[in-house]
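Since the structure comes first, as C-alpha cells, the remarks are kept for the end.
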Amino acid sequence: MKRRNFGRDRGLSLRMLATSGLLGLLYVGFALILFYALNIGLAPMLVIVVGLAAVQYWTSDKLALAASGAKIVSAEQAPELHAMVERLCAMADLPKPRIAVVDTDVPNAFATGRNPKHAVIAVTTGLWRRLEPQEIEGVLAHELSHVANRDVLIMTVASFFAMLAAIITRFGLYFGMFGGFGGGNRNSNSNNQGGLPIWLIVVVAAMVTYAISFILIRTISRYREYAADRGSALITGAPEHLMSALQKIASGITTIPQRDLREVAGMNAFFIVSTNWRSQVGELFMDHPPMEKRLAALAAIAREMGRPVS
C-alpha cells in the first residue's frame, strides 16, 4: 500500500514559506546595501552569486558526504539497509536514493541532495548497532520525508546565501579599512561627506543580516523536522517506532565522548537529532525542536491513527 502523503502539514508549509520569504527579503535588502555602499555593479554581482549558487546546488550532496566522512555502500555491502530503504521508497512512491554509512559510534542519520533523483540517505554505524529494525525504518522514513519535501535544498540555499553574505562582508570590510571601494578616500563621493564610513555601514548591515538570518534559518530547520517526523509516521504507519528511535538516539548521544561529537558537529543542522541537543538554550536559537515537543507531536499523530503510545 503506497502512502503518498509525506506529512505536508498545511500550517507547517505556510510557516516555512513565510519564513523563507522573510529570509529572501533580508538577503535582497543586504544586497542592495552592498550595491550602494561598495559601488559594485549589478552584472558582476549576479555573475558571482549565480556561479557560486550553481556550484553549491550541484555539489551539495558531495560536500555533505565529505564533511561527514560518509561512504556510499552497495546492496552487497549493506543488504539489510538497502532492503529497508527499497521497501520504504516503494511505500512512499519515491526513487531509491543512494545509501551511505558513516563509521562513527555517534547514533544519527541525515539526508542530502538537490532533489529526489540525486538524494543520499546516510546512517551511522552507531545508529545501526543501537536501534531495532523497526526503529531504523522510522528514522529512514524521516530522512526520506526530507527528500520528498525537498527541504534539504531549502536549507542548502538558505545557508549558502548567509555564508555568501559573510564572505562579501569580509571583503567589504577589508577593502573599506584599507582604502578599497572608496572606504579610505575622504574625497570619494561614496563616502558621503560627514556621514558614516563605508566599511562601517557594511559591517553594521552584515551584523544585522547575520543575526536575523541565524534565527530565521533555525526556524525553518525546526519546521522541517516536525514535517519529516509527521512524514515518517504516515509512511510507516507506526509513529511509536520513531518516538522510540528518537529517545534512544538522544540518550545514546549523551554517552559519546565530546571528542567524537565534535568531529561530526558540522552536520548538526542535517542530523535527525542534534549532537548538542541537551546544551541548547532557548528554542528560538535551536536548529531542532525540543525533544519533548517532537515526542508530543508524534504521540498526537499516533492517537489519531489509533496506535499505542507508551
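Just remember, in the C-alpha cells the first chain shown is A, the second B, etc., residues are 1-based per chain, and ligands are 1-based in the order shown.
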
If you run DSSP on the backbone here, which positions in segment 65-304 of chain A get alpha helix (DSSP H)? Please write them as an MDAnalysis selection string.
chainID A and resid 65:68 79:92 125:130 133:149 151:177 198:236 239:253 258:264 291:304

Might you pull out every residue within 12 Å of segment 98-100 of chain A, with only C-alpha atoms counted and same-chain residues fewer than 5 positions away left off, and present them as a VMD selection string?
chain A and resid 61 to 62 64 to 66 68 to 86 89 109 to 113 116 to 125 140 143 to 144 147

Take the residues from that selection and write them out as an mmCIF file, in the first residue's frame, keeping C-alpha atoms.
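Output (part.cif):
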data_model
loop_
_atom_site.group_PDB
_atom_site.id
_atom_site.type_symbol
_atom_site.label_atom_id
_atom_site.label_comp_id
_atom_site.auth_asym_id
_atom_site.auth_seq_id
_atom_site.Cartn_x
_atom_site.Cartn_y
_atom_site.Cartn_z
ATOM 1 C CA ASP A 61 25.467 16.058 -1.716
ATOM 2 C CA LYS A 62 29.213 15.623 -2.300
ATOM 3 C CA ALA A 64 27.798 16.837 2.865
ATOM 4 C CA LEU A 65 29.264 13.364 2.368
ATOM 5 C CA ALA A 66 32.812 14.721 2.525
ATOM 6 C CA SER A 68 30.601 13.784 7.481
ATOM 7 C CA GLY A 69 33.028 11.167 6.222
ATOM 8 C CA ALA A 70 30.153 9.111 4.796
ATOM 9 C CA LYS A 71 30.895 6.368 2.270
ATOM 10 C CA ILE A 72 28.430 5.154 -0.348
ATOM 11 C CA VAL A 73 27.639 1.466 0.165
ATOM 12 C CA SER A 74 26.271 -1.050 -2.336
ATOM 13 C CA ALA A 75 23.486 -3.577 -1.792
ATOM 14 C CA GLU A 76 26.155 -6.252 -1.409
ATOM 15 C CA GLN A 77 27.902 -4.290 1.330
ATOM 16 C CA ALA A 78 24.748 -3.423 3.311
ATOM 17 C CA PRO A 79 21.921 -5.732 2.153
ATOM 18 C CA GLU A 80 19.590 -5.158 5.144
ATOM 19 C CA LEU A 81 19.904 -1.389 4.940
ATOM 20 C CA HIS A 82 19.239 -1.388 1.198
ATOM 21 C CA ALA A 83 16.236 -3.671 1.645
ATOM 22 C CA MET A 84 14.719 -1.328 4.240
ATOM 23 C CA VAL A 85 15.168 1.715 2.026
ATOM 24 C CA GLU A 86 13.745 -0.064 -1.028
ATOM 25 C CA CYS A 89 10.619 4.005 -1.130
ATOM 26 C CA ALA A 109 21.313 9.867 10.304
ATOM 27 C CA PHE A 110 20.847 12.554 7.655
ATOM 28 C CA ALA A 111 19.646 13.151 4.103
ATOM 29 C CA THR A 112 21.216 15.337 1.434
ATOM 30 C CA GLY A 113 20.888 16.027 -2.288
ATOM 31 C CA PRO A 116 14.765 13.050 -5.005
ATOM 32 C CA LYS A 117 16.684 11.734 -8.048
ATOM 33 C CA HIS A 118 20.020 12.890 -6.633
ATOM 34 C CA ALA A 119 19.467 12.184 -2.954
ATOM 35 C CA VAL A 120 21.618 10.346 -0.436
ATOM 36 C CA ILE A 121 20.473 8.813 2.854
ATOM 37 C CA ALA A 122 23.253 8.268 5.388
ATOM 38 C CA VAL A 123 23.221 6.412 8.700
ATOM 39 C CA THR A 124 25.979 5.949 11.236
ATOM 40 C CA THR A 125 27.278 2.607 12.414
ATOM 41 C CA LEU A 140 14.913 6.173 7.374
ATOM 42 C CA GLU A 143 15.022 11.111 6.121
ATOM 43 C CA LEU A 144 13.028 10.099 3.035
ATOM 44 C CA VAL A 147 13.952 14.212 0.438
#

Just the residues within 10 Å of Pro290 of chain A, please, counting only C-alpha atoms, with nothing from its chain fewer than 3 positions along; format it as a list of chain:residue names.
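With the cut-off at 10 Å, the set is A:Arg222, A:Val273, A:Trp277, A:Arg278, A:Gln280, A:Val281, A:Gly282, A:Glu283, A:Met286, A:Asp287, A:Lys293, A:Arg294, A:Leu295.
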
Keeping N, CA and C atoms, export the residues of the selection given above as a CSV table (one decimal), in the first residue's frame.
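Printed below is part.csv as written:
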chain,number,residue,atom,x,y,z
A,222,ARG,N,13.6,23.9,12.3
A,222,ARG,CA,12.6,23.3,13.2
A,222,ARG,C,11.4,22.9,12.5
A,273,VAL,N,18.9,14.1,15.1
A,273,VAL,CA,18.9,14.7,16.4
A,273,VAL,C,20.3,15.4,16.5
A,277,TRP,N,22.0,18.6,21.7
A,277,TRP,CA,20.6,18.9,22.0
A,277,TRP,C,20.4,19.2,23.5
A,278,ARG,N,21.2,18.7,24.4
A,278,ARG,CA,21.0,18.9,25.8
A,278,ARG,C,21.5,20.3,26.2
A,280,GLN,N,21.6,23.1,24.3
A,280,GLN,CA,21.0,24.2,23.7
A,280,GLN,C,20.0,24.9,24.6
A,281,VAL,N,20.1,26.3,24.6
A,281,VAL,CA,19.2,27.1,25.5
A,281,VAL,C,18.4,28.0,24.6
A,282,GLY,N,17.1,28.0,24.8
A,282,GLY,CA,16.2,28.8,24.1
A,282,GLY,C,15.8,28.3,22.8
A,283,GLU,N,14.5,27.9,22.6
A,283,GLU,CA,14.0,27.3,21.4
A,283,GLU,C,14.3,28.2,20.2
A,286,MET,N,17.5,27.2,18.5
A,286,MET,CA,17.7,25.7,18.2
A,286,MET,C,17.4,25.4,16.8
A,287,ASP,N,18.3,24.5,16.2
A,287,ASP,CA,18.0,24.0,14.8
A,287,ASP,C,17.1,22.8,14.8
A,293,LYS,N,8.8,18.2,22.6
A,293,LYS,CA,7.7,18.7,21.7
A,293,LYS,C,7.6,17.8,20.5
A,294,ARG,N,8.7,17.2,20.0
A,294,ARG,CA,8.7,16.3,18.9
A,294,ARG,C,8.0,15.0,19.4
A,295,LEU,N,8.2,14.5,20.6
A,295,LEU,CA,7.6,13.3,21.0
A,295,LEU,C,6.1,13.6,21.3

Mind checking DSSP for segment 66-304 of chain A and telling me the strand (DSSP E) residues as a PyMOL selection string?
chain A and resi 71-72+98-102+109-112+120-124

Expected file contents, prior selection, N, CA and C atoms, as a tab-separated table (two decimals), in the first residue's frame:
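The file below, out30.tsv, is the result:
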chain	number	residue	atom	x	y	z
A	71	LYS	N	30.48	7.14	3.43
A	71	LYS	CA	30.89	6.37	2.27
A	71	LYS	C	29.67	5.68	1.65
A	72	ILE	N	29.52	5.83	0.36
A	72	ILE	CA	28.43	5.15	-0.35
A	72	ILE	C	28.63	3.64	-0.26
A	98	ARG	N	20.76	7.01	-3.15
A	98	ARG	CA	22.00	6.33	-2.81
A	98	ARG	C	22.06	6.20	-1.29
A	99	ILE	N	22.78	5.21	-0.83
A	99	ILE	CA	22.84	4.95	0.61
A	99	ILE	C	24.30	5.02	1.06
A	100	ALA	N	24.50	5.70	2.18
A	100	ALA	CA	25.87	5.87	2.71
A	100	ALA	C	25.91	5.50	4.18
A	101	VAL	N	27.09	5.15	4.63
A	101	VAL	CA	27.31	4.80	6.03
A	101	VAL	C	28.46	5.65	6.56
A	102	VAL	N	28.28	6.19	7.77
A	102	VAL	CA	29.31	6.96	8.44
A	102	VAL	C	29.88	6.10	9.56
A	109	ALA	N	21.59	10.07	11.72
A	109	ALA	CA	21.31	9.87	10.30
A	109	ALA	C	21.01	11.22	9.68
A	110	PHE	N	21.18	11.32	8.36
A	110	PHE	CA	20.85	12.55	7.65
A	110	PHE	C	20.56	12.26	6.19
A	111	ALA	N	19.93	13.23	5.54
A	111	ALA	CA	19.65	13.15	4.10
A	111	ALA	C	20.26	14.37	3.44
A	112	THR	N	20.69	14.21	2.20
A	112	THR	CA	21.22	15.34	1.43
A	112	THR	C	20.91	15.11	-0.04
A	120	VAL	N	20.82	11.32	-1.17
A	120	VAL	CA	21.62	10.35	-0.44
A	120	VAL	C	21.07	10.26	0.98
A	121	ILE	N	20.86	9.05	1.47
A	121	ILE	CA	20.47	8.81	2.85
A	121	ILE	C	21.67	8.19	3.56
A	122	ALA	N	22.09	8.79	4.66
A	122	ALA	CA	23.25	8.27	5.39
A	122	ALA	C	22.88	7.92	6.82
A	123	VAL	N	23.40	6.81	7.30
A	123	VAL	CA	23.22	6.41	8.70
A	123	VAL	C	24.59	6.11	9.28
A	124	THR	N	24.72	6.25	10.58
A	124	THR	CA	25.98	5.95	11.24
A	124	THR	C	25.98	4.50	11.72

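Shortest separation to Ile272 of chain A among A:Leu63, A:Met91, A:Ala245, A:Ala158 occurs at residue A:Ala245, atoms counted being only C-alpha atoms.
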
For Arg303 of chain A, find every residue with an atom within 12 Å (counting only C-alpha atoms), except residues of its own chain fewer than 5 positions away, and show them as a VMD selection string.
chain A and resid 233 237 to 240 296 to 298 308 to 310

Which is closest to Met305 of chain A among A:Arg230, A:Ala92, A:Leu32, A:Arg15, if we use only C-alpha atoms?
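For Met305 of chain A, the nearest of the given residues is A:Arg230.
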
Non-local contacts of Thr219 of chain A (9 Å; only C-alpha atoms; under 6 positions in same chain excluded) as a short mmCIF file (atom, residue, chain, number, x, y, z; two decimals) with N, CA and C atoms, in the first residue's frame:
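The resulting file, around.cif, is reproduced below:
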data_model
loop_
_atom_site.label_atom_id
_atom_site.label_comp_id
_atom_site.auth_asym_id
_atom_site.auth_seq_id
_atom_site.Cartn_x
_atom_site.Cartn_y
_atom_site.Cartn_z
N MET A 16 6.74 27.72 6.93
CA MET A 16 8.04 27.58 6.27
C MET A 16 8.15 28.54 5.09
N THR A 19 8.57 32.11 6.45
CA THR A 19 9.92 32.30 6.99
C THR A 19 10.94 32.39 5.87
N LEU A 284 14.27 29.50 20.35
CA LEU A 284 14.46 30.41 19.23
C LEU A 284 15.79 30.18 18.53
N PHE A 285 16.79 29.70 19.26
CA PHE A 285 18.13 29.52 18.71
C PHE A 285 18.46 28.07 18.40
N MET A 286 17.48 27.17 18.49
CA MET A 286 17.70 25.75 18.25
C MET A 286 17.44 25.40 16.79
N ASP A 287 18.25 24.49 16.21
CA ASP A 287 18.01 24.05 14.83
C ASP A 287 17.09 22.84 14.77
N HIS A 288 16.78 22.24 15.93
CA HIS A 288 15.81 21.16 16.02
C HIS A 288 14.78 21.51 17.09
#

Could you pull the residues within 12 Å of Ile220 of chain A, counting only C-alpha atoms, minus those fewer than 6 positions along the same chain, as a PyMOL selection string?
chain A and resi 12-23+151-159+213-214+226-227+269+284-289

Do you know which residues are at most 9 Å from Ile256 of chain A counting only C-alpha atoms, after dropping those on the same chain fewer than 4 positions away, and could you put them as a PyMOL selection string?
chain A and resi 105-106+252+260-261
